[in-house]
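These notes concern the structure reproduced below.
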Amino acid sequence: MKHKLVFATNNAHKLEEVAAILGDSYHILSLHEIGCDADIPETSGTFAGNALQKAQYVKQHYGYDCFADDSGLEVDALDGAPGVYSARYSGGGSEANMDKLLHNLTGKSQRGAQFRTVIALLLGEETQLFEGIVRGSIIEVRRGEGGFGYDPIFVPEGYDLTFAELGSEVKNRISHRAKAVELLAQYLNKKG
Ligand code: ITT
């Protein structure tokens, strides 16, 4: 029987991306599937702290082996903002977040940025952290319909298209989350 692992997220896009990368050696369960509809606290000031907090919550309350991620966009010219506050940057949704970011970058020629993901895994007695980063730049006007969050304004290094234009197949190969999940997968597969 496949080992059950909870991915502590409420974001269906992320669940889909991660399940695609991990393949089918593990049975990945969503929070919804384990009957958890709590708004799990994310009160740490770091990605690793928030990821650990989410994974520990699930392990403590539901007893499952579990991993959780925290991700965000770090913009060079804004000293790493929005960072851990990426989801709540504007107080509105993704469109308002992008508007605020573009506004804050108005007139700035330095457009470098990176997406970062940290995954915390709680497996038996072990705790492990995995990190993935993708560098790129913030363009001035949204392009593309795919992805989520800041995807329409982020062009990864080595490409001319935004994450929202590249489509999920390419994004799932090169993204911050893909890199962190790849490290998680290597670790889990070694465990067998
Ligand atoms: P959960 O906490 O339920 O997992 P979330 O949407 O809050 O889902 P994260 O904490 O990982 O997801 O990411 C915080 C925000 O960072 C997210 O809402 C997006 O605005 C942005 N973000 C993260 N990964 C992204 C990606 O691959 N593409 C675009 N934006 C992303």
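By convention in this document, the chains of the structure tokens carry letters A, B, ... by their order, each chain's residues are numbered from 1, and ligands are numbered from 1 in the order they are shown.
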
Backbone DSSP call of helix (DSSP H, G or I) for region 21-125 of chain A, listed as a ChimeraX atom specification: /A:21-22,32-34,47-62,76-78,83-88,94-104

Environment of ligand 1 within 6 Å, counting only C-alpha atoms and all ligand atoms, reported as a PyMOL selection string: chain A and resi 9-11+69-73+86-87+148-151

Contacts of Val134 (chain A) at 7 Å (only C-alpha atoms; same-chain gap of 3+ positions) as a PyMOL selection string: chain A and resi 114-116+156+175-176

I need the residues from that last selection saved to file as a PDB file, in the first residue's frame (with N, CA, C and O atoms), if you can.
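For reference, again.pdb as written:
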ATOM      1  N   GLN A 114      12.930  36.873  -7.190  1.00  0.00           N
ATOM      2  CA  GLN A 114      12.962  35.408  -7.147  1.00  0.00           C
ATOM      3  C   GLN A 114      11.760  34.885  -6.391  1.00  0.00           C
ATOM      4  O   GLN A 114      11.264  35.513  -5.464  1.00  0.00           O
ATOM      5  N   PHE A 115      11.285  33.727  -6.829  1.00  0.00           N
ATOM      6  CA  PHE A 115      10.320  32.985  -6.037  1.00  0.00           C
ATOM      7  C   PHE A 115      11.118  32.017  -5.182  1.00  0.00           C
ATOM      8  O   PHE A 115      12.095  31.409  -5.655  1.00  0.00           O
ATOM      9  N   ARG A 116      10.700  31.882  -3.926  1.00  0.00           N
ATOM     10  CA  ARG A 116      11.366  30.926  -3.044  1.00  0.00           C
ATOM     11  C   ARG A 116      10.306  30.035  -2.380  1.00  0.00           C
ATOM     12  O   ARG A 116       9.243  30.513  -1.973  1.00  0.00           O
ATOM     13  N   PRO A 156      10.830  34.000 -15.775  1.00  0.00           N
ATOM     14  CA  PRO A 156      11.997  33.302 -15.222  1.00  0.00           C
ATOM     15  C   PRO A 156      13.229  33.496 -16.096  1.00  0.00           C
ATOM     16  O   PRO A 156      13.114  33.694 -17.310  1.00  0.00           O
ATOM     17  N   SER A 175      10.130  25.629 -11.706  1.00  0.00           N
ATOM     18  CA  SER A 175       9.733  26.554 -10.634  1.00  0.00           C
ATOM     19  C   SER A 175      10.476  26.299  -9.324  1.00  0.00           C
ATOM     20  O   SER A 175      11.046  25.231  -9.097  1.00  0.00           O
ATOM     21  N   HIS A 176      10.422  27.306  -8.468  1.00  0.00           N
ATOM     22  CA  HIS A 176      10.907  27.206  -7.085  1.00  0.00           C
ATOM     23  C   HIS A 176      10.307  25.980  -6.410  1.00  0.00           C
ATOM     24  O   HIS A 176      10.986  25.211  -5.749  1.00  0.00           O
TER      25      HIS A 176
END

Contacts of region 55-61 of chain A within 10 Å, only C-alpha atoms, excl. fewer than 2 positions in-chain, as a ChimeraX atom specification: /A:6-9,31,34,36,38,40-41,50-53,63-69,119-124,127

Atomic separation - CA of Tyr159 (chain A) relative to CA of Thr106 (chain A), Å: 22.7 Å

Interatomic distance, CA of Thr43 (chain A) to CA of Asn104 (chain A) (Å, one decimal): 24.7 Å
